[in-house]
$ cat input.cif   # mmCIF, C-alpha atoms
data_entry
loop_
_atom_site.label_atom_id
_atom_site.label_comp_id
_atom_site.auth_asym_id
_atom_site.auth_seq_id
_atom_site.Cartn_x
_atom_site.Cartn_y
_atom_site.Cartn_z
CA MET A 1167 20.54 18.14 -13.54
CA ALA A 1168 23.15 15.59 -14.62
CA GLU A 1169 23.30 14.29 -11.07
CA LEU A 1170 19.50 13.91 -10.95
CA GLU A 1171 19.52 11.96 -14.20
CA LYS A 1172 22.13 9.59 -12.74
CA LEU A 1173 20.03 9.11 -9.59
CA LYS A 1174 16.95 8.36 -11.72
CA ARG A 1175 18.92 5.62 -13.44
CA ASP A 1176 20.05 4.26 -10.06
CA TYR A 1177 16.42 4.35 -8.92
CA ALA A 1178 15.26 2.41 -11.97
CA GLU A 1179 17.99 -0.17 -11.40
CA LEU A 1180 16.93 -0.53 -7.77
CA VAL A 1181 13.23 -0.87 -8.63
CA VAL A 1182 13.62 -3.40 -11.43
CA ARG A 1183 16.66 -5.46 -10.43
CA SER A 1184 16.32 -5.47 -6.64
CA CYS A 1185 12.72 -4.68 -5.64
CA MET A 1186 10.99 -6.27 -8.61
CA ASN A 1187 13.81 -8.82 -9.00
CA ILE A 1188 12.94 -9.40 -12.65
CA GLN A 1189 13.93 -12.88 -13.86
CA LYS A 1190 15.38 -13.91 -17.20
CA GLY A 1191 12.65 -14.95 -19.59
CA GLN A 1192 9.92 -13.26 -17.52
CA ARG A 1193 7.44 -10.74 -18.90
CA LEU A 1194 7.00 -7.39 -17.17
CA VAL A 1195 3.82 -5.30 -17.18
CA ILE A 1196 4.42 -1.61 -16.43
CA THR A 1197 1.51 0.69 -15.57
CA CYS A 1198 2.43 4.36 -15.84
CA ASN A 1199 1.00 7.83 -16.39
CA ILE A 1200 1.87 9.12 -19.88
CA GLU A 1201 3.43 12.20 -18.25
CA ASN A 1202 6.11 9.95 -16.77
CA ALA A 1203 6.86 7.93 -19.88
CA ASP A 1204 10.58 8.74 -19.65
CA PHE A 1205 10.94 6.86 -16.35
CA ALA A 1206 8.81 3.96 -17.61
CA ARG A 1207 11.12 3.64 -20.63
CA LEU A 1208 14.12 3.73 -18.29
CA CYS A 1209 12.64 0.84 -16.26
CA ALA A 1210 11.90 -1.06 -19.46
CA SER A 1211 15.51 -0.65 -20.60
CA VAL A 1212 16.82 -1.95 -17.26
CA ALA A 1213 14.43 -4.90 -17.48
CA TYR A 1214 15.62 -5.86 -20.95
CA ASP A 1215 19.23 -5.55 -19.79
CA ALA A 1216 18.37 -8.04 -17.04
CA GLY A 1217 16.99 -10.59 -19.52
CA CYS A 1218 13.28 -9.71 -19.47
CA LYS A 1219 11.36 -11.54 -22.19
CA GLU A 1220 9.00 -8.67 -23.01
CA VAL A 1221 7.90 -5.38 -21.46
CA VAL A 1222 4.17 -4.76 -21.84
CA MET A 1223 3.10 -1.15 -21.30
CA TRP A 1224 -0.23 -0.05 -19.83
CA TRP A 1225 -0.40 3.72 -20.26
CA VAL A 1226 -2.66 5.89 -18.11
CA ASP A 1227 -3.90 9.39 -19.03
CA GLU A 1228 -5.23 11.14 -15.92
CA GLU A 1229 -7.07 13.87 -17.82
CA LEU A 1230 -8.97 11.26 -19.81
CA LYS A 1231 -9.66 9.27 -16.64
CA ARG A 1232 -11.29 12.30 -15.01
CA MET A 1233 -13.17 13.08 -18.22
CA LYS A 1234 -14.56 9.54 -18.28
CA TYR A 1235 -15.87 9.67 -14.71
CA LEU A 1236 -17.51 13.05 -15.36
CA ARG A 1237 -18.89 12.54 -18.87
CA ALA A 1238 -19.16 8.87 -19.89
CA ALA A 1239 -22.57 7.19 -20.20
CA ASP A 1240 -23.82 6.01 -16.82
CA GLU A 1241 -24.01 2.32 -17.77
CA VAL A 1242 -20.26 2.25 -18.47
CA PHE A 1243 -19.59 1.97 -14.73
CA ASP A 1244 -21.58 -1.23 -14.32
CA LYS A 1245 -19.43 -3.48 -16.48
CA VAL A 1246 -15.80 -4.32 -17.21
CA ASP A 1247 -14.67 -5.35 -20.68
CA SER A 1248 -13.58 -8.96 -21.11
CA TRP A 1249 -10.39 -7.96 -22.93
CA TYR A 1250 -9.17 -6.09 -19.83
CA VAL A 1251 -10.00 -9.04 -17.57
CA ASP A 1252 -8.18 -11.40 -19.95
CA PHE A 1253 -5.17 -9.09 -20.00
CA ARG A 1254 -4.75 -9.09 -16.19
CA ASN A 1255 -5.73 -12.71 -15.57
CA THR A 1256 -3.67 -14.23 -18.39
CA LEU A 1257 -0.45 -12.39 -17.60
CA SER A 1258 -0.70 -13.00 -13.85
CA GLU A 1259 -1.46 -16.69 -14.43
CA GLU A 1260 1.70 -17.08 -16.50
CA GLY A 1261 3.77 -15.50 -13.70
CA ALA A 1262 4.52 -12.11 -15.25
CA ALA A 1263 5.88 -9.36 -13.00
CA PHE A 1264 3.86 -6.18 -12.46
CA LEU A 1265 5.32 -2.71 -11.88
CA HIS A 1266 3.02 0.20 -11.03
CA ILE A 1267 4.65 3.63 -11.32
CA ASP A 1268 2.40 5.81 -9.16
CA ALA A 1269 2.23 9.56 -9.81
CA ASP A 1270 -1.47 10.19 -9.18
CA ASP A 1271 -2.93 13.64 -8.65
CA PRO A 1272 -4.33 13.22 -5.10
CA GLU A 1273 -7.47 15.17 -6.02
CA LEU A 1274 -7.92 13.96 -9.60
CA LEU A 1275 -11.53 12.84 -9.07
CA ASN A 1276 -12.59 15.64 -6.75
CA GLY A 1277 -16.20 16.48 -7.57
CA VAL A 1278 -16.91 13.14 -9.26
CA ASP A 1279 -20.02 11.29 -8.10
CA PRO A 1280 -18.69 8.72 -5.55
CA ASP A 1281 -21.37 6.28 -6.72
CA ARG A 1282 -19.72 6.03 -10.14
CA ILE A 1283 -16.38 5.17 -8.55
CA THR A 1284 -17.94 2.53 -6.29
CA ARG A 1285 -19.92 0.93 -9.12
CA ALA A 1286 -16.80 0.73 -11.29
CA GLN A 1287 -14.97 -1.04 -8.45
CA LYS A 1288 -17.82 -3.47 -7.89
CA SER A 1289 -18.22 -4.32 -11.57
CA ALA A 1290 -14.54 -5.32 -11.80
CA ALA A 1291 -14.36 -7.17 -8.48
CA LYS A 1292 -15.60 -10.63 -9.45
CA PRO A 1293 -14.06 -10.81 -12.96
CA LEU A 1294 -10.67 -9.74 -11.56
CA GLU A 1295 -10.84 -11.80 -8.37
CA ALA A 1296 -8.28 -14.38 -9.55
CA TYR A 1297 -5.84 -11.62 -10.51
CA ARG A 1298 -6.34 -9.82 -7.19
CA LYS A 1299 -5.83 -13.01 -5.16
CA ARG A 1300 -2.60 -13.80 -7.02
CA MET A 1301 -1.28 -10.35 -6.15
CA MET A 1302 -2.30 -10.54 -2.48
CA ARG A 1303 -0.81 -14.03 -2.13
CA SER A 1304 2.47 -12.96 -3.82
CA GLU A 1305 2.01 -15.55 -6.56
CA CYS A 1306 3.32 -12.92 -9.00
CA PRO A 1307 6.09 -10.47 -8.17
CA TRP A 1308 4.80 -6.91 -8.06
CA THR A 1309 6.18 -3.56 -7.04
CA VAL A 1310 4.70 -0.10 -6.57
CA CYS A 1311 7.07 2.86 -6.82
CA SER A 1312 6.50 6.57 -7.40
CA VAL A 1313 7.81 9.44 -9.49
CA PRO A 1314 6.60 13.06 -9.47
CA SER A 1315 3.86 14.37 -11.71
CA LYS A 1316 3.24 18.10 -12.00
CA ALA A 1317 -0.18 17.94 -10.31
CA TRP A 1318 1.05 15.76 -7.46
CA ALA A 1319 4.17 17.90 -6.89
CA LYS A 1320 2.13 21.11 -6.75
CA ALA A 1321 -0.30 19.52 -4.28
CA VAL A 1322 2.61 18.64 -1.98
CA PHE A 1323 4.54 21.92 -2.46
CA PRO A 1324 1.94 24.56 -3.44
CA GLU A 1325 4.30 27.41 -2.55
CA LEU A 1326 6.82 26.41 -5.25
CA SER A 1327 6.73 26.87 -9.00
CA GLU A 1328 5.71 23.79 -10.96
CA ASP A 1329 9.27 22.97 -12.05
CA ASP A 1330 10.70 23.56 -8.57
CA ALA A 1331 7.96 21.46 -6.99
CA VAL A 1332 8.73 18.53 -9.31
CA GLU A 1333 12.46 18.80 -8.58
CA ARG A 1334 11.83 19.00 -4.81
CA LEU A 1335 9.51 15.97 -4.91
CA TRP A 1336 12.15 14.01 -6.84
CA GLU A 1337 14.62 14.82 -4.04
CA GLU A 1338 12.22 13.60 -1.34
CA ILE A 1339 11.29 10.41 -3.22
CA LEU A 1340 14.91 9.47 -3.85
CA LYS A 1341 15.81 10.18 -0.23
CA ALA A 1342 12.91 8.05 1.07
CA CYS A 1343 14.01 5.20 -1.20
CA ARG A 1344 17.65 5.54 -0.10
CA VAL A 1345 18.86 6.51 -3.56
CA ASP A 1346 20.32 9.86 -2.50
CA GLY A 1347 23.87 8.69 -1.95
CA GLY A 1348 26.21 5.72 -2.32
CA ASP A 1349 25.21 2.29 -3.58
CA ALA A 1350 21.40 2.38 -3.82
CA ILE A 1351 20.98 -1.40 -4.00
CA LYS A 1352 23.25 -1.96 -0.98
CA ASN A 1353 21.52 0.83 0.96
CA TRP A 1354 18.18 -0.83 0.27
CA LYS A 1355 19.42 -4.29 1.27
CA ASP A 1356 20.78 -2.95 4.57
CA HIS A 1357 17.41 -1.31 5.25
CA VAL A 1358 15.47 -4.49 4.47
CA ASP A 1359 17.75 -6.41 6.83
CA GLU A 1360 16.87 -3.97 9.63
CA ILE A 1361 13.15 -4.45 8.96
CA LYS A 1362 13.67 -8.21 9.15
CA ARG A 1363 15.21 -7.76 12.60
CA HIS A 1364 11.94 -6.26 13.86
CA VAL A 1365 9.97 -8.96 12.04
CA ASP A 1366 11.90 -11.66 13.89
CA ILE A 1367 11.34 -9.97 17.25
CA MET A 1368 7.58 -9.67 16.72
CA ASN A 1369 7.31 -13.26 15.51
CA GLY A 1370 9.20 -14.36 18.60
CA TYR A 1371 6.51 -12.95 20.90
CA ARG A 1372 3.53 -14.67 19.20
CA PHE A 1373 1.12 -12.11 20.65
CA LYS A 1374 -2.56 -12.92 20.93
CA THR A 1375 -3.78 -9.34 21.39
CA LEU A 1376 -2.64 -5.77 20.72
CA LYS A 1377 -3.84 -2.66 22.56
CA TYR A 1378 -3.47 0.83 21.01
CA LYS A 1379 -3.85 4.15 22.80
CA ASN A 1380 -2.87 7.79 22.31
CA SER A 1381 -3.95 11.24 23.47
CA ILE A 1382 -6.02 12.20 20.39
CA GLY A 1383 -8.58 9.44 20.84
CA THR A 1384 -7.30 6.17 19.45
CA ASP A 1385 -8.18 3.47 21.94
CA VAL A 1386 -8.67 -0.02 20.49
CA THR A 1387 -8.02 -3.64 21.33
CA LEU A 1388 -7.79 -6.38 18.72
CA ASP A 1389 -6.71 -9.99 18.42
CA LEU A 1390 -4.30 -11.16 15.75
CA ALA A 1391 -5.38 -14.02 13.50
CA GLU A 1392 -4.52 -17.50 14.73
CA GLY A 1393 -1.18 -18.59 13.26
CA HIS A 1394 -0.37 -15.04 12.09
CA ILE A 1395 3.11 -14.18 10.81
CA TRP A 1396 4.71 -10.74 10.91
CA THR A 1397 6.49 -9.79 7.71
CA GLY A 1398 8.00 -6.76 6.02
CA GLY A 1399 10.62 -5.52 3.58
CA GLU A 1400 10.34 -8.37 1.10
CA GLU A 1401 7.88 -11.04 -0.01
CA LYS A 1402 8.62 -14.55 -1.21
CA GLY A 1403 6.90 -15.96 -4.29
CA PRO A 1404 5.93 -19.65 -4.64
CA ASN A 1405 9.16 -20.37 -6.53
CA GLY A 1406 11.25 -18.80 -3.74
CA THR A 1407 11.98 -15.56 -5.62
CA MET A 1408 12.13 -12.55 -3.30
CA PHE A 1409 10.64 -9.18 -4.22
CA ALA A 1410 9.67 -5.92 -2.49
CA ALA A 1411 6.05 -4.96 -3.10
CA ASN A 1412 6.50 -1.34 -2.03
CA ILE A 1413 9.34 1.13 -2.36
CA PRO A 1414 9.71 2.90 -0.02
CA THR A 1415 8.74 0.69 2.90
CA GLU A 1416 9.25 1.01 6.64
CA GLU A 1417 6.48 -1.26 7.93
CA VAL A 1418 6.29 -4.52 9.81
CA PHE A 1419 2.79 -5.92 9.30
CA THR A 1420 0.48 -8.87 9.85
CA VAL A 1421 -3.17 -9.90 9.72
CA PRO A 1422 -5.73 -9.21 12.47
CA ASP A 1423 -8.68 -11.41 13.35
CA ARG A 1424 -11.46 -9.52 11.56
CA ARG A 1425 -14.00 -10.31 14.30
CA THR A 1426 -12.21 -8.84 17.31
CA MET A 1427 -11.41 -5.12 17.13
CA ASN A 1428 -13.30 -2.85 19.53
CA GLY A 1429 -12.87 0.85 20.23
CA THR A 1430 -12.00 4.03 18.35
CA LEU A 1431 -9.38 4.74 15.68
CA VAL A 1432 -8.43 8.34 14.92
CA ALA A 1433 -6.46 9.08 11.76
CA THR A 1434 -3.33 11.19 12.10
CA LYS A 1435 -2.79 12.05 8.43
CA PRO A 1436 -5.05 12.91 5.48
CA LEU A 1437 -5.86 10.09 3.07
CA SER A 1438 -5.87 10.32 -0.72
CA LEU A 1439 -8.80 8.06 -1.55
CA ASN A 1440 -10.35 7.46 -4.98
CA GLY A 1441 -9.02 10.74 -6.33
CA SER A 1442 -10.15 12.88 -3.39
CA ILE A 1443 -8.68 13.91 -0.02
CA VAL A 1444 -10.26 12.62 3.20
CA ASP A 1445 -9.12 14.41 6.36
CA GLY A 1446 -9.90 14.65 10.07
CA PHE A 1447 -11.55 11.25 10.21
CA SER A 1448 -12.17 8.55 12.76
CA PHE A 1449 -13.84 5.14 13.04
CA LYS A 1450 -15.83 3.56 15.84
CA VAL A 1451 -15.45 -0.23 15.70
CA LYS A 1452 -17.47 -2.99 17.36
CA ASP A 1453 -16.66 -6.71 17.03
CA GLY A 1454 -14.36 -5.90 14.13
CA LYS A 1455 -16.89 -3.91 12.08
CA ILE A 1456 -16.77 -0.16 11.43
CA ILE A 1457 -20.10 1.07 12.79
CA GLU A 1458 -19.51 4.84 12.74
CA VAL A 1459 -17.52 7.12 10.42
CA HIS A 1460 -16.76 10.78 10.99
CA ALA A 1461 -14.64 13.06 8.76
CA GLU A 1462 -14.09 16.80 8.52
CA LYS A 1463 -13.50 16.45 4.79
CA GLY A 1464 -14.57 13.72 2.37
CA GLU A 1465 -16.90 11.84 4.72
CA ASP A 1466 -19.11 10.74 1.81
CA ILE A 1467 -16.07 9.36 -0.03
CA LEU A 1468 -15.00 7.41 3.04
CA LYS A 1469 -18.47 6.00 3.68
CA GLU A 1470 -18.65 4.79 0.08
CA ALA A 1471 -15.24 3.14 0.44
CA ILE A 1472 -16.21 1.06 3.47
CA SER A 1473 -19.44 -0.10 1.83
CA VAL A 1474 -18.25 -1.51 -1.51
CA ASP A 1475 -18.73 -5.00 -0.05
CA GLU A 1476 -19.16 -6.67 3.34
CA GLY A 1477 -15.43 -7.04 3.99
CA ALA A 1478 -14.72 -3.36 3.33
CA SER A 1479 -16.01 -2.43 6.79
CA TYR A 1480 -13.64 -4.88 8.51
CA PHE A 1481 -9.85 -4.79 8.86
CA GLY A 1482 -7.27 -6.74 6.90
CA GLU A 1483 -3.92 -5.33 8.03
CA VAL A 1484 -2.16 -4.02 11.11
CA ALA A 1485 1.21 -2.36 10.45
CA LEU A 1486 3.89 -1.00 12.76
CA VAL A 1487 6.02 1.97 11.67
CA PRO A 1488 8.13 4.04 14.12
CA TYR A 1489 7.03 7.66 14.33
CA ASP A 1490 10.65 8.72 13.80
CA SER A 1491 10.79 6.98 10.40
CA PRO A 1492 12.78 8.91 7.77
CA ILE A 1493 9.59 9.76 5.86
CA ASN A 1494 7.93 11.26 8.92
CA LYS A 1495 11.12 13.10 9.92
CA SER A 1496 11.23 14.70 6.47
CA GLY A 1497 8.21 16.76 7.49
CA VAL A 1498 6.65 16.24 4.06
CA LEU A 1499 3.00 15.26 3.76
CA PHE A 1500 3.11 13.35 0.47
CA LEU A 1501 -0.67 12.99 -0.01
CA ASN A 1502 0.17 9.55 -1.37
CA THR A 1503 -0.49 6.44 0.69
CA LEU A 1504 2.64 4.66 -0.56
CA PHE A 1505 4.69 7.27 1.32
CA ASP A 1506 2.39 8.46 4.09
CA GLU A 1507 1.67 4.92 5.32
CA ASN A 1508 5.40 4.54 5.85
CA ALA A 1509 5.53 7.61 8.07
CA ALA A 1510 3.52 6.12 10.94
CA CYS A 1511 1.64 3.06 12.21
CA HIS A 1512 -1.42 2.24 10.16
CA PHE A 1513 -4.31 -0.12 9.61
CA ALA A 1514 -6.05 -1.15 6.40
CA PHE A 1515 -9.71 -1.88 6.01
CA GLY A 1516 -10.61 -4.49 3.41
CA GLU A 1517 -8.65 -7.42 1.98
CA ALA A 1518 -6.00 -9.12 4.13
CA TYR A 1519 -2.58 -10.26 3.05
CA PRO A 1520 -2.39 -14.01 3.84
CA CYS A 1521 0.22 -13.69 6.60
CA ILE A 1522 -0.70 -17.07 8.08
CA GLU A 1523 1.40 -20.16 8.74
CA GLY A 1524 0.62 -22.97 6.31
CA VAL A 1525 -1.64 -20.83 4.12
CA ASP A 1526 -0.48 -22.59 0.92
CA THR A 1527 -2.09 -25.87 2.03
CA MET A 1528 -5.31 -24.39 3.47
CA THR A 1529 -8.73 -24.52 1.90
CA GLU A 1530 -10.61 -21.25 1.56
CA GLU A 1531 -12.89 -22.30 4.44
CA GLU A 1532 -9.92 -23.06 6.72
CA PHE A 1533 -8.40 -19.71 5.80
CA LYS A 1534 -11.55 -17.77 6.65
CA ALA A 1535 -11.95 -19.70 9.91
CA LYS A 1536 -8.75 -18.00 11.12
CA GLY A 1537 -10.61 -14.70 11.01
CA VAL A 1538 -8.87 -13.43 7.85
CA ASN A 1539 -10.84 -10.71 6.05
CA SER A 1540 -11.78 -10.79 2.37
CA SER A 1541 -12.78 -7.79 0.23
CA MET A 1542 -12.35 -6.24 -3.20
CA THR A 1543 -10.64 -3.25 -1.57
CA HIS A 1544 -7.60 -2.60 0.62
CA ILE A 1545 -7.19 0.94 1.99
CA ASP A 1546 -4.38 1.94 4.37
CA PHE A 1547 -4.82 4.86 6.77
CA MET A 1548 -2.46 6.25 9.39
CA VAL A 1549 -2.98 6.24 13.17
CA GLY A 1550 0.60 6.63 14.42
CA SER A 1551 1.45 9.59 16.66
CA ALA A 1552 4.34 10.79 18.80
CA ASP A 1553 2.66 9.43 21.93
CA LEU A 1554 1.17 6.21 20.55
CA GLU A 1555 1.38 3.26 22.94
CA ILE A 1556 1.01 -0.31 21.71
CA THR A 1557 0.99 -3.17 24.18
CA GLY A 1558 1.15 -6.82 23.21
CA ILE A 1559 -0.61 -9.48 25.27
CA THR A 1560 0.61 -13.07 25.05
CA HIS A 1561 -1.60 -16.16 25.11
CA GLU A 1562 -0.62 -16.52 28.76
CA GLY A 1563 -1.93 -13.02 29.53
CA LYS A 1564 1.45 -11.33 29.93
CA GLU A 1565 1.55 -7.67 28.81
CA ILE A 1566 4.67 -6.54 26.96
CA PRO A 1567 5.35 -2.98 25.71
CA VAL A 1568 5.79 -2.90 21.93
CA PHE A 1569 5.57 0.87 21.22
CA ARG A 1570 6.09 3.74 23.60
CA ASN A 1571 6.29 7.39 22.51
CA GLY A 1572 5.46 6.30 18.97
CA LYS A 1573 8.49 4.01 18.62
CA PHE A 1574 9.51 0.38 19.07
CA VAL A 1575 10.54 -0.31 22.65
CA PHE A 1576 13.13 -2.74 21.35
#

$ encode --input "input.cif" --output "structure tokens"
Amino acid sequence: MAELEKLKRDYAELVVRSCMNIQKGQRLVITCNIENADFARLCASVAYDAGCKEVVMWWVDEELKRMKYLRAADEVFDKVDSWYVDFRNTLSEEGAAFLHIDADDPELLNGVDPDRITRAQKSAAKPLEAYRKRMMRSECPWTVCSVPSKAWAKAVFPELSEDDAVERLWEEILKACRVDGGDAIKNWKDHVDEIKRHVDIMNGYRFKTLKYKNSIGTDVTLDLAEGHIWTGGEEKGPNGTMFAANIPTEEVFTVPDRRTMNGTLVATKPLSLNGSIVDGFSFKVKDGKIIEVHAEKGEDILKEAISVDEGASYFGEVALVPYDSPINKSGVLFLNTLFDENAACHFAFGEAYPCIEGVDTMTEEEFKAKGVNSSMTHIDFMVGSADLEITGITHEGKEIPVFRNGKFVF
């Protein structure tokens, strides 16, 4: 137990000092489930030690959240209070850092009317657009990390007692984040450097098109956005400050041209979406748009998710993750996208990260002309498999293997 407490402290140091890269005089907003208040306080202490101006806490109570979606008056889901909008917009505008400590029950909203969830998302979309854009454009440093909650741990390890499940999930989280031995910050830096090596290789090819194929039915071709840039590991803010948006992370990603994907995508892992599990699903795509959805479980949830706005049925991210990534090799299905997306290659439907050369000087019209997708949502789902093949096609028409047998060729 003493060793676990030390590793938790190392984890908090890694998240706040290295991934978040909190700056002296900067405010930090922490969003956390009340069940995990001890880790939130630990992160706050590390932030103050690093010179943080103020830690602002946004507590979440999952039981009350579920109660609201089941029992609140129906009109509640068609508006968002101005004080909440002001809170997010004001702090992001001043350049505060945002830390989200994710410990969600993957089936928290199971049985809730999907229409209520969709209407709540839509009502907040326009008022919070400025905040969302700042996050997507890395104008504010932000990091998402995870710690176990009892409900999440039991969902992942149902055969264990509650206490044992929490302890086991802590072990797997710390291992995935490279905090299970030695200097955690150095381990993380070495890992980020390796991701950057793959980023440089992909940027060197300047592919026009990618082709995906595997034996379970994925067979798609898509173009990458004109002037796209591959990135991964860390982001750079406007002032040059580096931060890691996700811990853990294994992905190298960029932006597709929203108008160009054609074919079929078959998911290889379940998806925790809006408090429910979606499993056994696939998409048929034509000219970039999802035109058919099939799922063995949660099909109604998935159909709602791709219809929240026009951009939700188009794609905003393509990400490469070797099938032999440490998270996938662990054999653990985390039922949490932060982890499961880093187990295998994935796409995201919805909003695109602006991975485009010269984006800072572009008008919104010039940006959209590149084929970059815009939406209030951004949902990652996994398509990587042990036999996935990805082939890159250059502007000259040359075909170059990128993935074979689920892994980078290089």

$ residues_around --input "input.cif" --residues "Glu1483 (chain A)" --least-positions-apart "5" --cutoff "7 Å" --atoms "only C-alpha atoms" --output "list in words"
Phe1419, Thr1420, Val1421, Pro1422, Phe1513, Ala1514 and Ala1518 of chain A

$ residues_around --input "input.cif" --residues "Ala1433 (chain A)" --least-positions-apart "3" --cutoff "7 Å" --atoms "all atoms listed in the file" --output "list in words"
Gly1446, Phe1447, Ser1448, Phe1547, Met1548 and Val1549 of chain A

$ residues_around --input "input.cif" --residues "region 1531-1541 of chain A" --least-positions-apart "5" --cutoff "6 Å" --atoms "only C-alpha atoms" --output "mmCIF file with C-alpha atoms, keeping the file's coordinate frame"
data_model
loop_
_atom_site.group_PDB
_atom_site.id
_atom_site.type_symbol
_atom_site.label_atom_id
_atom_site.label_comp_id
_atom_site.auth_asym_id
_atom_site.auth_seq_id
_atom_site.Cartn_x
_atom_site.Cartn_y
_atom_site.Cartn_z
ATOM 1 C CA ALA A 1391 -5.380 -14.020 13.500
ATOM 2 C CA GLU A 1392 -4.520 -17.500 14.730
ATOM 3 C CA ASP A 1423 -8.680 -11.410 13.350
ATOM 4 C CA ARG A 1424 -11.460 -9.520 11.560
ATOM 5 C CA GLY A 1477 -15.430 -7.040 3.990
ATOM 6 C CA ALA A 1478 -14.720 -3.360 3.330
ATOM 7 C CA GLY A 1482 -7.270 -6.740 6.900
ATOM 8 C CA GLY A 1516 -10.610 -4.490 3.410
ATOM 9 C CA GLU A 1517 -8.650 -7.420 1.980
ATOM 10 C CA ALA A 1518 -6.000 -9.120 4.130
#

$ residues_near_point --input "input.cif" --point "(5.9, 13.3, -11.5)" --cutoff "12 Å" --atoms "all atoms listed in the file" --output "ChimeraX atom specification"
/A:1198-1206,1267-1271,1311-1322,1328-1339

$ atom_distance --input "input.cif" --atom1 "CA of Thr1407 (chain A)" --atom2 "CA of Met1368 (chain A)"
23.5 Å

$ atom_distance --input "input.cif" --atom1 "CA of Glu1458 (chain A)" --atom2 "CA of Pro1567 (chain A)"
29.1 Å

$ resolve_selection --input "input.cif" --expression "the PyMOL selection byres ((chain A and resi 1249-1261) around 8)" --output "count of residues only"
15

$ closest_residue --input "input.cif" --among "A:Asp1215, A:Asp1385, A:Asp1453, A:Glu1325" --to "Gly1429 (chain A)" --atoms "all atoms listed in the file"
A:Asp1385

$ closest_residue --input "input.cif" --among "A:Val1474, A:Val1568, A:Val1386, A:Met1542" --to "Arg1298 (chain A)" --atoms "only C-alpha atoms"
A:Met1542

$ residues_around --input "input.cif" --residues "region 1494-1499 of chain A" --least-positions-apart "2" --cutoff "9 Å" --atoms "all atoms listed in the file" --output "count of residues only"
18

$ closest_residue --input "input.cif" --among "A:Glu1400, A:Glu1220, A:Glu1416, A:Glu1562" --to "Lys1190 (chain A)" --atoms "only C-alpha atoms"
A:Glu1220

$ residues_around --input "input.cif" --residues "Thr1309 (chain A)" --least-positions-apart "2" --cutoff "6 Å" --atoms "all atoms listed in the file" --output "ChimeraX atom specification"
/A:1186,1265,1411-1412

$ closest_residue --input "input.cif" --among "A:Met1233, A:Val1221, A:Ala1410, A:Val1226" --to "Thr1197 (chain A)" --atoms "only C-alpha atoms"
A:Val1226

$ atom_distance --input "input.cif" --atom1 "CA of Trp1224 (chain A)" --atom2 "CA of Val1195 (chain A)"
7.1 Å

$ closest_residue --input "input.cif" --among "A:Ile1566, A:Gly1383, A:Phe1409, A:Gln1287" --to "Val1182 (chain A)" --atoms "only C-alpha atoms"
A:Phe1409

$ closest_residue --input "input.cif" --among "A:His1394, A:Lys1245, A:Arg1344, A:Lys1573" --to "His1364 (chain A)" --atoms "all atoms listed in the file"
A:Lys1573

$ resolve_selection --input "input.cif" --expression "the PyMOL selection byres ((chain A and resi 1443) around 10)" --output "PyMOL selection string"
chain A and resi 1272-1276+1436-1442+1444-1445+1463-1465+1467-1468+1501-1502

$ residues_near_point --input "input.cif" --point "(0.3, -22.9, -2.7)" --cutoff "7 Å" --atoms "only C-alpha atoms" --output "PDB file with C-alpha atoms, in the frame of the given file"
ATOM      1  CA  PRO A1404       5.930 -19.650  -4.640  1.00  0.00           C
ATOM      2  CA  ASP A1526      -0.480 -22.590   0.920  1.00  0.00           C
ATOM      3  CA  THR A1527      -2.090 -25.870   2.030  1.00  0.00           C
TER       4      THR A1527
END

$ resolve_selection --input "input.cif" --expression "the PyMOL selection byres ((chain A and resi 1360) around 12)" --output "PyMOL selection string"
chain A and resi 1353-1359+1361-1367+1398-1400+1415-1418

$ write_last_selection --input "input.cif" --atoms "C-alpha atoms" --output "PDB file, in the coordinates of the input"
ATOM      1  CA  ASN A1353      21.520   0.830   0.960  1.00  0.00           C
ATOM      2  CA  TRP A1354      18.180  -0.830   0.270  1.00  0.00           C
ATOM      3  CA  LYS A1355      19.420  -4.290   1.270  1.00  0.00           C
ATOM      4  CA  ASP A1356      20.780  -2.950   4.570  1.00  0.00           C
ATOM      5  CA  HIS A1357      17.410  -1.310   5.250  1.00  0.00           C
ATOM      6  CA  VAL A1358      15.470  -4.490   4.470  1.00  0.00           C
ATOM      7  CA  ASP A1359      17.750  -6.410   6.830  1.00  0.00           C
ATOM      8  CA  ILE A1361      13.150  -4.450   8.960  1.00  0.00           C
ATOM      9  CA  LYS A1362      13.670  -8.210   9.150  1.00  0.00           C
ATOM     10  CA  ARG A1363      15.210  -7.760  12.600  1.00  0.00           C
ATOM     11  CA  HIS A1364      11.940  -6.260  13.860  1.00  0.00           C
ATOM     12  CA  VAL A1365       9.970  -8.960  12.040  1.00  0.00           C
ATOM     13  CA  ASP A1366      11.900 -11.660  13.890  1.00  0.00           C
ATOM     14  CA  ILE A1367      11.340  -9.970  17.250  1.00  0.00           C
ATOM     15  CA  GLY A1398       8.000  -6.760   6.020  1.00  0.00           C
ATOM     16  CA  GLY A1399      10.620  -5.520   3.580  1.00  0.00           C
ATOM     17  CA  GLU A1400      10.340  -8.370   1.100  1.00  0.00           C
ATOM     18  CA  THR A1415       8.740   0.690   2.900  1.00  0.00           C
ATOM     19  CA  GLU A1416       9.250   1.010   6.640  1.00  0.00           C
ATOM     20  CA  GLU A1417       6.480  -1.260   7.930  1.00  0.00           C
ATOM     21  CA  VAL A1418       6.290  -4.520   9.810  1.00  0.00           C
TER      22      VAL A1418
END
